[in-house]
$ cat upload.cif   # mmCIF, C-alpha atoms and all ligand atoms
data_model
loop_
_atom_site.label_atom_id
_atom_site.label_comp_id
_atom_site.auth_asym_id
_atom_site.auth_seq_id
_atom_site.Cartn_x
_atom_site.Cartn_y
_atom_site.Cartn_z
CA MET A 12 163.39 37.83 51.86
CA ASN A 13 164.54 34.41 53.15
CA ALA A 14 166.34 32.10 50.77
CA LEU A 15 166.91 28.37 50.95
CA ALA A 16 170.61 27.51 51.06
CA HIS A 17 171.79 25.54 47.99
CA PRO A 18 168.68 23.45 47.41
CA ARG A 19 168.58 20.61 44.91
CA VAL A 20 165.33 20.85 42.99
CA LEU A 21 163.26 18.20 41.24
CA VAL A 22 160.94 19.56 38.55
CA ALA A 23 158.16 17.13 37.62
CA GLY A 24 156.80 18.37 34.30
CA GLY A 25 160.06 20.20 33.54
CA THR A 26 159.63 19.68 29.79
CA GLY A 27 156.13 21.22 29.71
CA HIS A 28 154.90 24.54 28.38
CA TYR A 29 155.44 26.19 31.79
CA GLY A 30 157.89 23.70 33.34
CA ARG A 31 160.67 24.24 30.75
CA TYR A 32 160.88 27.92 31.74
CA ILE A 33 160.96 27.00 35.43
CA VAL A 34 163.96 24.75 34.71
CA GLN A 35 165.58 27.51 32.67
CA SER A 36 165.09 30.12 35.42
CA LEU A 37 166.37 27.82 38.18
CA LEU A 38 169.46 26.94 36.13
CA ALA A 39 170.06 30.64 35.43
CA GLN A 40 170.27 31.13 39.21
CA GLY A 41 172.87 28.38 39.53
CA VAL A 42 170.50 25.86 41.11
CA PRO A 43 171.10 22.15 40.42
CA VAL A 44 167.95 20.86 38.72
CA ARG A 45 166.69 17.34 38.10
CA VAL A 46 163.80 16.72 35.70
CA LEU A 47 161.50 13.71 35.75
CA THR A 48 160.52 12.91 32.17
CA ARG A 49 159.12 9.95 30.24
CA ASN A 50 161.53 10.60 27.37
CA ALA A 51 165.08 11.57 28.31
CA GLY A 52 166.16 11.94 24.66
CA SER A 53 163.65 14.59 23.74
CA ALA A 54 164.01 16.27 27.16
CA ARG A 55 167.77 16.57 26.52
CA ARG A 56 167.17 18.13 23.10
CA LEU A 57 164.69 20.59 24.60
CA LEU A 58 166.50 21.52 27.82
CA GLY A 59 170.15 21.17 26.86
CA GLU A 60 172.93 19.54 28.88
CA ALA A 61 172.54 21.36 32.18
CA PRO A 62 169.69 19.61 34.01
CA GLU A 63 170.00 16.09 35.34
CA LEU A 64 167.34 13.83 33.86
CA VAL A 65 165.56 10.90 35.44
CA GLU A 66 163.61 8.90 32.90
CA GLY A 67 160.36 7.48 34.19
CA ASP A 68 156.66 7.84 34.67
CA ILE A 69 155.26 9.70 37.67
CA THR A 70 152.70 6.91 38.14
CA ASP A 71 155.54 4.40 38.64
CA PRO A 72 156.70 4.18 42.32
CA PRO A 73 160.36 3.20 41.56
CA ALA A 74 160.62 6.13 39.10
CA ARG A 75 159.29 8.52 41.77
CA ARG A 76 161.78 7.13 44.29
CA ALA A 77 164.72 7.59 41.89
CA ALA A 78 163.59 11.12 41.05
CA LEU A 79 163.17 12.17 44.68
CA GLN A 80 166.49 10.74 45.89
CA GLY A 81 168.49 13.54 47.57
CA MET A 82 166.14 16.37 46.59
CA ASP A 83 165.39 19.33 48.90
CA ALA A 84 162.66 21.00 46.88
CA LEU A 85 159.99 19.88 44.47
CA VAL A 86 158.23 21.78 41.69
CA ILE A 87 155.14 20.10 40.25
CA ALA A 88 154.10 21.22 36.76
CA VAL A 89 152.62 17.99 35.43
CA SER A 90 149.67 17.91 33.06
CA ALA A 91 147.84 15.04 31.33
CA MET A 92 146.13 17.29 28.80
CA SER A 93 147.11 15.43 25.65
CA PRO A 94 145.22 12.84 23.58
CA ARG A 95 147.47 10.01 24.79
CA LEU A 96 147.30 10.88 28.51
CA VAL A 97 143.88 12.42 29.02
CA ARG A 98 142.24 9.17 30.15
CA LYS A 99 144.82 8.95 32.95
CA THR A 100 144.25 12.52 34.21
CA LYS A 101 143.12 11.46 37.68
CA GLU A 102 145.96 8.93 37.94
CA ILE A 103 148.69 11.34 36.76
CA GLU A 104 147.59 14.79 38.01
CA GLY A 105 145.83 13.49 41.13
CA ASP A 106 146.96 10.15 42.61
CA ALA A 107 150.59 10.18 41.38
CA VAL A 108 151.17 13.81 42.37
CA GLN A 109 149.78 13.12 45.84
CA ALA A 110 152.04 10.05 46.11
CA LEU A 111 155.04 12.15 45.03
CA LEU A 112 154.26 14.69 47.76
CA ALA A 113 153.88 12.03 50.46
CA GLU A 114 157.03 10.17 49.42
CA GLY A 115 158.96 13.44 49.06
CA ALA A 116 158.03 14.40 52.62
CA GLN A 117 159.24 10.99 53.86
CA GLN A 118 162.54 11.52 52.05
CA SER A 119 164.42 14.83 52.11
CA VAL A 120 161.96 17.22 50.41
CA ARG A 121 161.04 20.24 52.52
CA ARG A 122 159.80 22.79 50.00
CA VAL A 123 157.10 22.35 47.34
CA VAL A 124 155.85 24.67 44.62
CA TYR A 125 152.70 23.43 42.93
CA LEU A 126 151.38 24.75 39.63
CA SER A 127 147.62 24.70 39.70
CA VAL A 128 144.77 26.36 37.84
CA TYR A 129 144.03 30.07 38.27
CA GLU A 130 141.02 29.51 40.46
CA VAL A 131 140.01 26.22 42.04
CA LYS A 132 136.25 25.94 42.21
CA GLU A 133 134.88 22.46 42.70
CA GLU A 134 131.39 23.33 41.46
CA ILE A 135 132.76 24.74 38.18
CA SER A 136 134.93 21.72 37.36
CA GLU A 137 132.02 19.42 38.24
CA ARG A 138 129.55 21.37 36.07
CA VAL A 139 131.91 21.38 33.09
CA ASP A 140 133.04 17.82 33.94
CA LEU A 141 136.80 18.39 33.90
CA ALA A 142 138.95 15.70 35.49
CA SER A 143 141.94 18.04 35.71
CA GLY A 144 140.12 20.62 37.87
CA ASP A 145 139.03 17.87 40.24
CA ALA A 146 142.61 16.55 40.57
CA LYS A 147 143.87 20.08 41.33
CA VAL A 148 141.31 20.55 44.12
CA ARG A 149 142.42 17.28 45.73
CA VAL A 150 146.14 18.04 45.48
CA GLU A 151 145.71 21.50 46.98
CA ARG A 152 143.85 19.92 49.91
CA ALA A 153 146.57 17.29 50.34
CA LEU A 154 149.22 20.02 50.37
CA ALA A 155 147.40 21.92 53.09
CA ARG A 156 147.54 18.77 55.28
CA SER A 157 151.07 17.75 54.30
CA GLY A 158 153.23 19.53 56.87
CA LEU A 159 155.54 20.59 53.99
CA SER A 160 156.48 24.18 53.23
CA TRP A 161 154.31 24.72 50.14
CA THR A 162 153.30 27.51 47.78
CA VAL A 163 150.55 27.13 45.20
CA LEU A 164 150.79 29.08 41.96
CA GLY A 165 147.34 29.30 40.38
CA CYS A 166 148.27 29.91 36.75
CA ALA A 167 146.15 31.93 34.35
CA PRO A 168 145.90 30.47 30.83
CA SER A 169 149.07 30.97 28.84
CA MET A 170 149.18 34.13 26.71
CA GLN A 171 149.90 31.74 23.84
CA ILE A 172 146.17 31.02 23.78
CA PHE A 173 145.71 34.21 21.74
CA PHE A 174 148.27 33.11 19.14
CA ALA A 175 147.03 29.51 19.05
CA MET A 176 143.70 30.77 17.71
CA ILE A 177 145.19 32.64 14.76
CA ARG A 178 144.65 30.88 11.43
CA GLY A 179 146.24 32.81 8.56
CA ASP A 180 145.01 36.38 8.96
CA THR A 181 142.17 35.69 11.38
CA MET A 182 141.86 34.96 15.06
CA MET A 183 138.97 32.48 15.24
CA VAL A 184 137.49 32.11 18.69
CA PRO A 185 134.74 29.67 19.63
CA GLY A 186 132.20 31.69 21.60
CA GLY A 187 134.29 34.84 21.12
CA GLY A 188 135.82 34.39 24.59
CA PRO A 189 135.04 36.46 27.68
CA PRO A 190 135.25 40.29 27.63
CA ALA A 191 138.43 40.08 29.72
CA LEU A 192 140.64 37.04 30.22
CA PRO A 193 143.61 36.99 32.60
CA THR A 194 146.61 35.39 30.86
CA ILE A 195 150.35 35.15 31.54
CA SER A 196 153.50 34.50 29.55
CA ALA A 197 155.27 31.19 30.23
CA LEU A 198 158.43 33.28 30.76
CA ASP A 199 156.86 34.99 33.78
CA VAL A 200 155.57 31.68 35.16
CA GLY A 201 159.10 30.30 34.93
CA GLU A 202 160.66 33.26 36.71
CA ILE A 203 158.07 33.44 39.50
CA ALA A 204 158.03 29.69 40.13
CA ALA A 205 161.83 29.57 40.32
CA GLN A 206 161.94 32.43 42.82
CA ALA A 207 159.12 30.90 44.88
CA THR A 208 161.01 27.60 45.05
CA LEU A 209 164.06 29.29 46.53
CA ARG A 210 162.12 31.36 49.08
CA SER A 211 161.36 30.11 52.57
CA ASP A 212 158.98 32.94 53.49
CA LEU A 213 156.08 32.07 51.17
CA SER A 214 154.94 28.93 52.95
CA GLY A 215 151.18 28.27 52.94
CA ARG A 216 150.45 30.96 50.36
CA ARG A 217 148.49 30.76 47.12
CA PHE A 218 149.17 33.28 44.35
CA ARG A 219 147.20 33.90 41.19
CA LEU A 220 149.75 34.07 38.39
CA VAL A 221 148.63 36.64 35.87
CA GLY A 222 150.20 39.03 33.38
CA PRO A 223 149.95 42.82 33.41
CA GLU A 224 146.34 42.94 32.14
CA ALA A 225 143.20 40.94 31.42
CA ILE A 226 141.92 41.58 27.88
CA GLY A 227 139.51 39.98 25.43
CA PHE A 228 140.39 38.15 22.21
CA ARG A 229 139.19 40.94 19.89
CA GLU A 230 141.46 43.46 21.64
CA ALA A 231 144.33 40.93 21.57
CA ALA A 232 143.89 40.44 17.79
CA ARG A 233 144.01 44.22 17.25
CA ARG A 234 147.21 44.60 19.25
CA ILE A 235 148.97 41.56 17.80
CA SER A 236 148.08 42.91 14.36
CA ARG A 237 149.84 46.19 15.23
CA VAL A 238 153.02 44.37 16.32
CA ALA A 239 152.94 42.06 13.28
CA GLY A 240 152.40 45.00 10.91
CA ARG A 241 149.65 43.12 9.07
CA PRO A 242 145.89 42.91 9.53
CA ILE A 243 144.71 40.13 11.82
CA GLY A 244 140.94 39.93 11.85
CA PHE A 245 138.69 38.56 14.54
CA ARG A 246 135.92 36.01 14.02
CA ARG A 247 133.58 34.68 16.64
CA ILE A 248 132.43 31.11 16.10
CA PRO A 249 129.04 30.62 17.78
CA LEU A 250 129.49 28.77 21.08
CA ALA A 251 126.48 26.58 20.30
CA LEU A 252 128.60 24.74 17.75
CA PRO A 253 131.36 23.46 20.09
CA LEU A 254 128.77 22.79 22.79
CA LEU A 255 126.72 20.71 20.36
CA VAL A 256 129.82 18.76 19.32
CA ARG A 257 130.69 18.23 23.00
CA GLY A 258 127.23 16.83 23.70
CA LEU A 259 127.44 14.50 20.68
CA VAL A 260 130.94 13.30 21.55
CA ARG A 261 130.22 12.60 25.21
CA PRO A 262 128.63 9.13 24.87
CA LEU A 263 131.52 8.11 22.58
CA THR A 264 134.34 9.07 24.98
CA PRO A 265 134.75 5.55 26.42
CA LEU A 266 135.60 4.34 22.90
CA SER A 267 138.43 6.69 21.96
CA ASP A 268 141.14 8.68 23.76
CA ARG A 269 141.05 11.29 21.00
CA LEU A 270 137.33 11.83 21.46
CA LEU A 271 137.82 12.11 25.22
CA TYR A 272 140.49 14.74 24.55
CA VAL A 273 138.13 16.64 22.22
CA TYR A 274 135.43 16.45 24.90
CA GLN A 275 137.81 17.86 27.56
CA MET A 276 139.18 20.60 25.24
CA LEU A 277 135.65 21.72 24.41
CA GLY A 278 135.02 21.79 28.17
CA PHE A 279 137.90 24.27 28.45
CA VAL A 280 136.35 26.33 25.65
CA GLU A 281 133.10 26.48 27.62
CA LEU A 282 134.97 27.32 30.82
CA LEU A 283 136.87 30.07 29.03
CA ASN A 284 133.70 31.68 27.72
CA ARG A 285 132.13 31.55 31.17
CA PHE A 286 135.21 32.99 32.88
CA PRO A 287 133.75 34.74 35.96
CA PRO A 288 133.95 38.52 35.37
CA GLU A 289 134.46 39.19 39.08
CA ILE A 290 137.62 37.04 39.03
CA ALA A 291 138.86 38.75 35.85
CA SER A 292 138.30 42.14 37.50
CA GLU A 293 140.64 41.12 40.33
CA ALA A 294 143.53 40.47 37.92
CA PRO A 295 145.23 43.90 38.38
CA GLN A 296 145.26 43.35 42.14
CA ALA A 297 146.72 39.83 41.72
CA HIS A 298 149.37 41.21 39.37
CA ARG A 299 150.28 44.00 41.81
CA LEU A 300 150.83 41.38 44.52
CA LEU A 301 153.19 39.48 42.19
CA LEU A 302 155.19 42.64 41.55
CA GLU A 303 155.43 43.35 45.27
CA THR A 304 156.50 39.77 46.08
CA PHE A 305 158.75 38.75 43.19
CA SER A 306 161.48 40.49 41.26
CA TYR A 307 160.94 40.18 37.49
CA ARG A 308 160.06 42.18 34.41
CA PRO A 309 156.51 41.26 33.40
CA THR A 310 155.97 40.16 29.80
CA THR A 311 153.35 42.20 27.95
CA LEU A 312 151.21 40.98 25.07
CA GLU A 313 153.39 43.02 22.71
CA MET A 314 156.57 41.33 24.00
CA GLU A 315 154.90 37.92 23.67
CA ALA A 316 153.78 38.81 20.13
CA ARG A 317 157.37 39.61 19.13
CA ARG A 318 158.45 36.25 20.59
CA TRP A 319 155.70 34.53 18.58
CA LEU A 320 156.77 36.31 15.40
CA ARG A 321 160.37 35.15 15.87
CA GLY A 322 159.09 31.57 16.10
CA PRO A 323 160.10 28.75 18.43
CA GLY A 324 163.72 28.26 19.39
CA GLN A 325 164.62 31.94 19.11
CA GLY A 326 166.35 33.80 21.93
CA ARG A 327 164.91 32.77 25.28
CA ASP A 328 162.07 31.03 23.52
CA LEU A 329 162.17 27.32 24.19
CA ALA A 330 158.48 26.87 23.69
CA SER A 331 156.34 25.82 20.83
CA THR A 332 153.83 28.39 19.62
CA THR A 333 150.88 26.41 20.86
CA THR A 334 149.66 25.72 24.32
CA SER A 335 148.40 22.37 25.43
CA SER A 336 146.05 23.24 28.26
CA PRO A 337 144.25 26.53 28.05
CA ALA A 338 142.85 26.78 31.56
N1 LIG B 401 149.39 25.79 29.78
C1 LIG B 401 148.44 26.54 30.31
O1 LIG B 401 147.83 27.44 29.66
C2 LIG B 401 148.03 26.34 31.76
C3 LIG B 401 147.06 27.19 32.30
C4 LIG B 401 146.71 27.07 33.64
C5 LIG B 401 147.30 26.10 34.43
N2 LIG B 401 148.23 25.27 33.88
C6 LIG B 401 148.83 24.26 34.76
O2 LIG B 401 150.24 24.31 34.69
C7 LIG B 401 150.77 23.00 34.87
C8 LIG B 401 151.67 22.68 33.70
O3 LIG B 401 150.90 22.69 32.51
P1 LIG B 401 151.57 22.75 31.08
O4 LIG B 401 150.56 23.29 30.13
O5 LIG B 401 152.89 23.44 31.20
O6 LIG B 401 151.79 21.20 30.78
P2 LIG B 401 152.21 20.51 29.39
O7 LIG B 401 152.87 21.47 28.49
O8 LIG B 401 151.05 19.73 28.89
O9 LIG B 401 153.35 19.50 29.88
C9 LIG B 401 153.01 18.34 30.58
C10 LIG B 401 154.21 17.92 31.41
O10 LIG B 401 153.79 16.83 32.26
C11 LIG B 401 154.74 15.78 32.13
N3 LIG B 401 154.04 14.51 32.29
C12 LIG B 401 152.82 14.17 31.81
N4 LIG B 401 152.53 12.90 32.14
C13 LIG B 401 153.58 12.45 32.85
C14 LIG B 401 153.85 11.20 33.48
N5 LIG B 401 152.98 10.19 33.42
N6 LIG B 401 155.03 11.06 34.13
C15 LIG B 401 155.92 12.08 34.17
N7 LIG B 401 155.72 13.29 33.60
C16 LIG B 401 154.55 13.47 32.96
C17 LIG B 401 155.33 15.90 30.74
O11 LIG B 401 156.64 15.37 30.79
P3 LIG B 401 157.26 14.40 29.67
O12 LIG B 401 156.42 14.52 28.43
O13 LIG B 401 158.67 14.91 29.48
O14 LIG B 401 157.22 13.06 30.27
C18 LIG B 401 155.37 17.42 30.56
O15 LIG B 401 156.55 17.95 31.08
C19 LIG B 401 149.58 22.05 34.99
O16 LIG B 401 149.28 21.89 36.34
C20 LIG B 401 148.45 22.83 34.32
O17 LIG B 401 147.19 22.46 34.78
C21 LIG B 401 148.61 25.36 32.57
#

$ encode --input "upload.cif" --output "structure tokens"
Amino acid sequence: MNALAHPRVLVAGGTGHYGRYIVQSLLAQGVPVRVLTRNAGSARRLLGEAPELVEGDITDPPARRAALQGMDALVIAVSAMSPRLVRKTKEIEGDAVQALLAEGAQQSVRRVVYLSVYEVKEEISERVDLASGDAKVRVERALARSGLSWTVLGCAPSMQIFFAMIRGDTMMVPGGGPPALPTISALDVGEIAAQATLRSDLSGRRFRLVGPEAIGFREAARRISRVAGRPIGFRRIPLALPLLVRGLVRPLTPLSDRLLYVYQMLGFVELLNRFPPEIASEAPQAHRLLLETFSYRPTTLEMEARRWLRGPGQGRDLASTTTSSPA
């Protein structure tokens, strides 16, 4: 295994659901980390004193320049999946990320790790009308042309998606979800992304980041219930309902960011329910490749459930118990 010598790493999106664990894992390996964030105060509270912070917006050229100054490697874990940002998805996740890559290459950046979606399929993101999927396709293409040493990590939905759907004693799932969904713990994403950043032998490779198994929501509810020591039921909400709401909301999306966010989230729900079974069936193979390539202890659903029961801020858990972008 080849390792980069003493790289300085910029993490764009280092306060995010996945990014915060990437920062944590890099710091644990003694790597100097800089984080680009729009709010240095809350980033400091979340990440502690160790990382350097550059306050600014990725869409702002001077902020990108300040963040890139003197960096050897770049990790991109930016997402616009929030009510306040969703209208700027193309600008943030597409144009600004591509600008960061181009400017990084002109400065001192040589190594890039890019967090993308599990599977990039243009026709799917077009059919479901998801701006984020479109941006990912474009960035992956730009990377391939960039001349940089890059690795793409196609992330499965966070395992937290199972917990985010629990209300009281019931897991309520629109459409019931697919029979098997690949998911991964944010802890594993952090560890793998940090190792990938420091490796020089993974250039030009795309990995699917997935946990030890792909399971359905009903099975997840049963197993979380066992760990929690209390019954957690499962309820399927007919998919027609969210799809109807999505159709009704669509003409109103130009009027309200919140409605646009609802429209996009319901698109993820549809995407989730139509998760291609052939891709889910390849999850064990993708996971085996991760184990062969990286050195880490995979997080199981039971381990993640114990983390969820402890609540945020416990042990290694930096994260909130909800996930912002499920696919
Ligand atoms: N979470 C999942 O289940 C999941 C599943 C598959 C793929 N992914 C992919 O993984 C990546 C990370 O997703 P995530 O869920 O971890 O994201 P997230 O929790 O929504 O965090 C978003 C991050 O982007 C940063 N950001 C947003 N707009 C910005 C701007 N204008 N300028 C600078 N920073 C900005 C935020 O930083 P500040 O708020 O500090 O500025 C924050 O750190 C994305 O590519 C996403 O598509 C996620």

$ closest_residue --input "upload.cif" --among "A:Ser93, A:Ser36, A:Gln118, A:Gln171" --to "Leu270 (chain A)" --atoms "only C-alpha atoms"
A:Ser93

$ residues_around --input "upload.cif" --residues "region 17-19 of chain A" --least-positions-apart "2" --cutoff "8 Å" --atoms "all atoms listed in the file" --output "ChimeraX atom specification"
/A:15,21,42-45,81-84,209

$ closest_atom_pairs --input "upload.cif" --of "chain A" --to "ligand LIG 401 (chain B)" --cutoff "7 Å" --atoms "all atoms listed in the file" --output "CSV"
residue,atom,partner,partner_atom,distance
A:Ala23,CA,B:LIG401,N7,6.1
A:Gly24,CA,B:LIG401,O15,3.3
A:Gly25,CA,B:LIG401,O15,4.8
A:Thr26,CA,B:LIG401,O15,3.8
A:Gly27,CA,B:LIG401,O9,3.3
A:His28,CA,B:LIG401,O5,3.6
A:Tyr29,CA,B:LIG401,O5,3.8
A:Gly30,CA,B:LIG401,O5,5.4
A:Leu47,CA,B:LIG401,C15,6.0
A:Thr48,CA,B:LIG401,O14,3.8
A:Arg49,CA,B:LIG401,O14,3.6
A:Asn50,CA,B:LIG401,O13,5.6
A:Ala54,CA,B:LIG401,O13,6.0
A:Gly67,CA,B:LIG401,C15,6.4
A:Asp68,CA,B:LIG401,N6,3.6
A:Ile69,CA,B:LIG401,N6,3.8
A:Thr70,CA,B:LIG401,N5,5.8
A:Ala88,CA,B:LIG401,C8,4.2
A:Val89,CA,B:LIG401,O10,3.6
A:Ser90,CA,B:LIG401,C9,4.2
A:Ala91,CA,B:LIG401,C12,5.1
A:Met92,CA,B:LIG401,O8,5.5
A:Ser93,CA,B:LIG401,O8,6.7
A:Leu96,CA,B:LIG401,N4,6.7
A:Ile103,CA,B:LIG401,N5,5.6
A:Leu126,CA,B:LIG401,O16,4.8
A:Ser127,CA,B:LIG401,O16,4.7
A:Val128,CA,B:LIG401,C5,4.3
A:Tyr129,CA,B:LIG401,C4,6.1
A:Ser143,CA,B:LIG401,O17,6.9
A:Gly165,CA,B:LIG401,C5,6.8
A:Cys166,CA,B:LIG401,C4,4.5
A:Ala167,CA,B:LIG401,C4,4.9
A:Pro168,CA,B:LIG401,C3,3.8
A:Ser169,CA,B:LIG401,O1,3.8
A:Thr334,CA,B:LIG401,N1,5.5
A:Ser335,CA,B:LIG401,O8,5.1
A:Ser336,CA,B:LIG401,N1,4.5
A:Pro337,CA,B:LIG401,O1,4.0
A:Ala338,CA,B:LIG401,C3,4.3

$ write_last_selection --input "upload.cif" --atoms "C-alpha atoms" --output "PDB file, keeping the file's coordinate frame"
ATOM      1  CA  ALA A  23     158.160  17.130  37.620  1.00  0.00           C
ATOM      2  CA  GLY A  24     156.800  18.370  34.300  1.00  0.00           C
ATOM      3  CA  GLY A  25     160.060  20.200  33.540  1.00  0.00           C
ATOM      4  CA  THR A  26     159.630  19.680  29.790  1.00  0.00           C
ATOM      5  CA  GLY A  27     156.130  21.220  29.710  1.00  0.00           C
ATOM      6  CA  HIS A  28     154.900  24.540  28.380  1.00  0.00           C
ATOM      7  CA  TYR A  29     155.440  26.190  31.790  1.00  0.00           C
ATOM      8  CA  GLY A  30     157.890  23.700  33.340  1.00  0.00           C
ATOM      9  CA  LEU A  47     161.500  13.710  35.750  1.00  0.00           C
ATOM     10  CA  THR A  48     160.520  12.910  32.170  1.00  0.00           C
ATOM     11  CA  ARG A  49     159.120   9.950  30.240  1.00  0.00           C
ATOM     12  CA  ASN A  50     161.530  10.600  27.370  1.00  0.00           C
ATOM     13  CA  ALA A  54     164.010  16.270  27.160  1.00  0.00           C
ATOM     14  CA  GLY A  67     160.360   7.480  34.190  1.00  0.00           C
ATOM     15  CA  ASP A  68     156.660   7.840  34.670  1.00  0.00           C
ATOM     16  CA  ILE A  69     155.260   9.700  37.670  1.00  0.00           C
ATOM     17  CA  THR A  70     152.700   6.910  38.140  1.00  0.00           C
ATOM     18  CA  ALA A  88     154.100  21.220  36.760  1.00  0.00           C
ATOM     19  CA  VAL A  89     152.620  17.990  35.430  1.00  0.00           C
ATOM     20  CA  SER A  90     149.670  17.910  33.060  1.00  0.00           C
ATOM     21  CA  ALA A  91     147.840  15.040  31.330  1.00  0.00           C
ATOM     22  CA  MET A  92     146.130  17.290  28.800  1.00  0.00           C
ATOM     23  CA  SER A  93     147.110  15.430  25.650  1.00  0.00           C
ATOM     24  CA  LEU A  96     147.300  10.880  28.510  1.00  0.00           C
ATOM     25  CA  ILE A 103     148.690  11.340  36.760  1.00  0.00           C
ATOM     26  CA  LEU A 126     151.380  24.750  39.630  1.00  0.00           C
ATOM     27  CA  SER A 127     147.620  24.700  39.700  1.00  0.00           C
ATOM     28  CA  VAL A 128     144.770  26.360  37.840  1.00  0.00           C
ATOM     29  CA  TYR A 129     144.030  30.070  38.270  1.00  0.00           C
ATOM     30  CA  SER A 143     141.940  18.040  35.710  1.00  0.00           C
ATOM     31  CA  GLY A 165     147.340  29.300  40.380  1.00  0.00           C
ATOM     32  CA  CYS A 166     148.270  29.910  36.750  1.00  0.00           C
ATOM     33  CA  ALA A 167     146.150  31.930  34.350  1.00  0.00           C
ATOM     34  CA  PRO A 168     145.900  30.470  30.830  1.00  0.00           C
ATOM     35  CA  SER A 169     149.070  30.970  28.840  1.00  0.00           C
ATOM     36  CA  THR A 334     149.660  25.720  24.320  1.00  0.00           C
ATOM     37  CA  SER A 335     148.400  22.370  25.430  1.00  0.00           C
ATOM     38  CA  SER A 336     146.050  23.240  28.260  1.00  0.00           C
ATOM     39  CA  PRO A 337     144.250  26.530  28.050  1.00  0.00           C
ATOM     40  CA  ALA A 338     142.850  26.780  31.560  1.00  0.00           C
TER      41      ALA A 338
END

$ closest_residue --input "upload.cif" --among "A:Ser196, A:Ser236, A:Thr208, A:Thr264" --to "Met182 (chain A)" --atoms "all atoms listed in the file"
A:Ser236

$ atom_distance --input "upload.cif" --atom1 "CA of Val86 (chain A)" --atom2 "CA of Gly215 (chain A)"
14.8 Å

$ atom_distance --input "upload.cif" --atom1 "CA of Arg76 (chain A)" --atom2 "CA of Ala61 (chain A)"
21.6 Å

$ closest_residue --input "upload.cif" --among "A:Gly244, A:Gly105, A:Pro262, A:Pro295" --to "Ile177 (chain A)" --atoms "all atoms listed in the file"
A:Gly244

$ closest_atom_pairs --input "upload.cif" --of "region 178-211 of chain A" --to "region 231-234 of chain A" --cutoff "10 Å" --atoms "all atoms listed in the file" --output "JSON lines"
{"residue": "A:Asp180", "atom": "CA", "partner": "A:Ala232", "partner_atom": "CA", "distance": 9.8}
{"residue": "A:Thr181", "atom": "CA", "partner": "A:Ala232", "partner_atom": "CA", "distance": 8.2}
{"residue": "A:Met182", "atom": "CA", "partner": "A:Ala232", "partner_atom": "CA", "distance": 6.5}
{"residue": "A:Met183", "atom": "CA", "partner": "A:Ala232", "partner_atom": "CA", "distance": 9.7}

$ atom_distance --input "upload.cif" --atom1 "CA of Tyr274 (chain A)" --atom2 "CA of Pro249 (chain A)"
17.1 Å

$ closest_atom_pairs --input "upload.cif" --of "region 29-62 of chain A" --to "region 200-207 of chain A" --cutoff "9 Å" --atoms "only C-alpha atoms" --output "JSON lines"
{"residue": "A:Tyr29", "atom": "CA", "partner": "A:Gly201", "partner_atom": "CA", "distance": 6.3}
{"residue": "A:Gly30", "atom": "CA", "partner": "A:Gly201", "partner_atom": "CA", "distance": 6.9}
{"residue": "A:Arg31", "atom": "CA", "partner": "A:Gly201", "partner_atom": "CA", "distance": 7.5}
{"residue": "A:Tyr32", "atom": "CA", "partner": "A:Gly201", "partner_atom": "CA", "distance": 4.4}
{"residue": "A:Ile33", "atom": "CA", "partner": "A:Gly201", "partner_atom": "CA", "distance": 3.8}
{"residue": "A:Val34", "atom": "CA", "partner": "A:Gly201", "partner_atom": "CA", "distance": 7.4}
{"residue": "A:Gln35", "atom": "CA", "partner": "A:Gly201", "partner_atom": "CA", "distance": 7.4}
{"residue": "A:Ser36", "atom": "CA", "partner": "A:Glu202", "partner_atom": "CA", "distance": 5.6}
{"residue": "A:Leu37", "atom": "CA", "partner": "A:Ala205", "partner_atom": "CA", "distance": 5.3}
{"residue": "A:Gln40", "atom": "CA", "partner": "A:Ala205", "partner_atom": "CA", "distance": 8.7}

$ write_last_selection --input "upload.cif" --atoms "C-alpha atoms" --output "JSON list (two decimals), in the frame of the given file"
[["chain", "number", "residue", "atom", "x", "y", "z"],
["A", 29, "TYR", "CA", 155.44, 26.19, 31.79],
["A", 30, "GLY", "CA", 157.89, 23.70, 33.34],
["A", 31, "ARG", "CA", 160.67, 24.24, 30.75],
["A", 32, "TYR", "CA", 160.88, 27.92, 31.74],
["A", 33, "ILE", "CA", 160.96, 27.00, 35.43],
["A", 34, "VAL", "CA", 163.96, 24.75, 34.71],
["A", 35, "GLN", "CA", 165.58, 27.51, 32.67],
["A", 36, "SER", "CA", 165.09, 30.12, 35.42],
["A", 37, "LEU", "CA", 166.37, 27.82, 38.18],
["A", 40, "GLN", "CA", 170.27, 31.13, 39.21]]

$ residues_around --input "upload.cif" --residues "Val221 (chain A)" --least-positions-apart "4" --cutoff "7 Å" --atoms "only C-alpha atoms" --output "list of chain:residue names"
A:Cys166, A:Ala167, A:Pro193, A:Thr194, A:Ile195, A:Ala294, A:Ala297, A:His298

$ closest_residue --input "upload.cif" --among "A:Ala146, A:Ala153, A:Leu220, A:Leu259" --to "Arg299 (chain A)" --atoms "all atoms listed in the file"
A:Leu220
